[in-house]
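Engineer: I'd like to ask you about the structure that follows.
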There are 2 protein chains.
Amino acid sequence: MANQTRDQKLEGLLSSAAREFALRGYDRTSMRDLARASGVSLAGVYYYVQSKEELLFLIQSRNFEAVIAGMRDTLRGVTDPVERLQRFIDNHLDYFATHMAEMKVLSREADALEGEFLQRVNDMKRQYTRALMDVLADIEKTHGPAHANRRVAAYSLFGMMNWIYTWYDPLGDVGVELLSQNICRLFLGGYVGLPVSETALSRGGAG
Amino acid sequence: MANQTRDQKLEGLLSSAAREFALRGYDRTSMRDLARASGVSLAGVYYYVQSKEELLFLIQSRNFEAVIAGMRDTLRGVTDPVERLQRFIDNHLDYFATHMAEMKVLSREADALEGEFLQRVNDMKRQYTRALMDVLADIEKTHGPAHANRRVAAYSLFGMMNWIYTWYDPLGDVGVELLSQNICRLFLGGYVGLPVSETALSRGGAG
DNA sequence: GTTGGAGTTGAACGAGCGTTCGAAGCCCCA
DNA sequence: TGGGGCTTCGAACGCTCGTTCAACTCCAAC
């Protein structure tokens with residue numbers, strides 16, 4: 001605790017702040033809570049960070065950057081579209097599972113930021129979404145016509161992956177590899193691989 | 001505004017509260033905001049509701065109850081498992097799209113409640129999840145083995161459907177029927193209907 | 001041994017919060 | 001005309017919030 005560089009202390013602060021934010025939510029967590037959780041005084045927190053909002057921004061942007069960097073890394077040189085998608089999903093879920101608190105904060109506190117902070121995180125979101133949609137376009141080229149609108153499909157996949165912050169326990173009986181495989185299969189082939197033209201799929205509204 | 005029953009006024013309060021909560025988030029919205037938005041005084045709000053938390057609870061429970069009731073209704077008498085799933089999805093998305101504010105609050109402020117309020121909403125969640133998983137079990141019986149763990153599949157479908165609060169605009173160019181159809185096809189047959197055994201689907205981790 | 005900057009702190013500030021309460025307004029029925 | 005119960009309100013209470021700041025410790029450099 002004593003001989004840490006300034007950067008290491010900031011890192012520690014961000015990490016315990018993420019844990020607190022994930023637990024209680026950004027708004028319900030006070031700077032006093034964060035001070036207590038990271039072992040410094042209330043005023044001490046402000047030596048490392050300009051405001052509570054900057055703290056949230058740093059958590060969101062640093063982790064989002066890591067996810068994007070990991071994605072670019074794992075896709076580099078891979079040409080098969082399906083494998084590219086598998087790697088995209090793997091990277092996302094693997095990072096999510098090993099950084100549950102941070103990713104929960106990123107998923108859930110999406111619009112707690114304002115102004116330039118919000119803009120910069122939203123830029124990353126656009127970038128990341130674009131990358132997924134490019135992969136989907138490649139898949140359509142090689143594996144026939146899509147069963148759904150590409151944008152809807154992309155957001156649905158993000159929904160499957162990000163929603164895990166509400167239910168998934170990385171230490172439970174479903175390991176990350178199994179989770180990733182499940183979601184990948186689900187997205188590419190569906191729950192039971194039903195042909196799209198089947199039966200009543202064209203029916204209108206129900207009820 | 002003048003000749004409304006007490007119930008009607010409560011209804012109006014809940015509706016404008018849902019709109020405010022959806023806009024700014026539960027915690028960032030003050031009782032003064034709600035009073036302003038619904039056109040009564042601050043103290044006036046407390047004539048209809050015991051606390052801010054009860055307000056949130058009423059929004060969540062009433063709408064969740066409506067979703068569940070709609071689901072039971074639309075499934076009644078329908079025996080084909082696939083159509084049951086279609087109707088389940090249709091009901092969920094249709095209600096979501098016509099009650100965006102309320103459902104955003106239900107999805108996003110899931111753990112802002114405590115004690116008995118939380119317990120009662122969680123009971124509804126369990127009930128609703130169970131219903132979906134029963135439908136999935138039926139589908140497996142009639143349409144061969146599943147491509148994914150049933151629990152993972154159920155939560156993934158909820159993820160697809162609930163995540164729409166972050167991106168979907170009911171007034172945009174994707175209508176509710178199209179959205180519902182897309183998500184239904186996606187879940188049952190996958191994005192391009194890829195056979196599960198295909199290529200590298202059994203590969204381990206990436207990167 | 002003094003200086004100076006980095007790190008840390010207790011105490012306070014003004015503002016906003018959720019909630020309460022006594023009093024006033026309103027309207028129907030006698 | 002007057003009483004009584006719903007409904008509404010202004011004003012206040014106690015509390016917690018994010019943020020600031022002068023003062024302190026510590027330690028390396030001279």
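Labels used: A, B, ... for chains in the order of the structure tokens, numbers from 1 for residues in each chain, and numbers from 1 for ligands as shown.
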What residues in chain A lie within 7 Å of chain B, counting only C-alpha atoms, written as a VMD selection string?

Structural biologist: chain A and resid 27 74 87 90 143 to 149 156 to 157 159 to 160 163 177 182 185 to 196 205 to 207

Engineer: Using only C-alpha atoms (C1' of nucleotides), select each residue of chain B with any atom at most 8 Å away from an atom of chain D, and give the selection as an mmCIF file with N, CA and C atoms, in the first residue's frame.

Structural biologist:
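Full text of part.cif as output:
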data_model
loop_
_atom_site.group_PDB
_atom_site.id
_atom_site.type_symbol
_atom_site.label_atom_id
_atom_site.label_comp_id
_atom_site.auth_asym_id
_atom_site.auth_seq_id
_atom_site.Cartn_x
_atom_site.Cartn_y
_atom_site.Cartn_z
ATOM 1 N N SER B 41 -48.165 19.780 -6.345
ATOM 2 C CA SER B 41 -47.093 20.263 -5.474
ATOM 3 C C SER B 41 -46.282 19.081 -4.967
ATOM 4 N N ALA B 43 -45.678 18.240 -1.857
ATOM 5 C CA ALA B 43 -46.418 17.533 -0.809
ATOM 6 C C ALA B 43 -47.595 16.761 -1.398
ATOM 7 N N GLY B 44 -48.141 17.278 -2.496
ATOM 8 C CA GLY B 44 -49.279 16.632 -3.136
ATOM 9 C C GLY B 44 -48.971 15.221 -3.601
#

Engineer: What residues in chain A have any atom no more than 12 Å from chain C when counting only C-alpha atoms (C1' of nucleotides), and can you write them as a ChimeraX atom specification?

Structural biologist: /A:2-6,9,39-48

Engineer: One decimal, in Å: what's the spacing between atom CA of Arg62 of chain B and atom CA of Gly172 of chain B?

Structural biologist: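 Value for the atom CA of Arg62 of chain B-atom CA of Gly172 of chain B distance: 26.9 Å.
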
Engineer: Would you please give, as an NGL selection string, all residues of segment 35-192 of chain A that DSSP assigns to helix (DSSP H, G or I) based on the backbone?

Structural biologist: :A and (35-38 or 42-48 or 52-75 or 81-98 or 100-108 or 115-142 or 150-166 or 176-189)
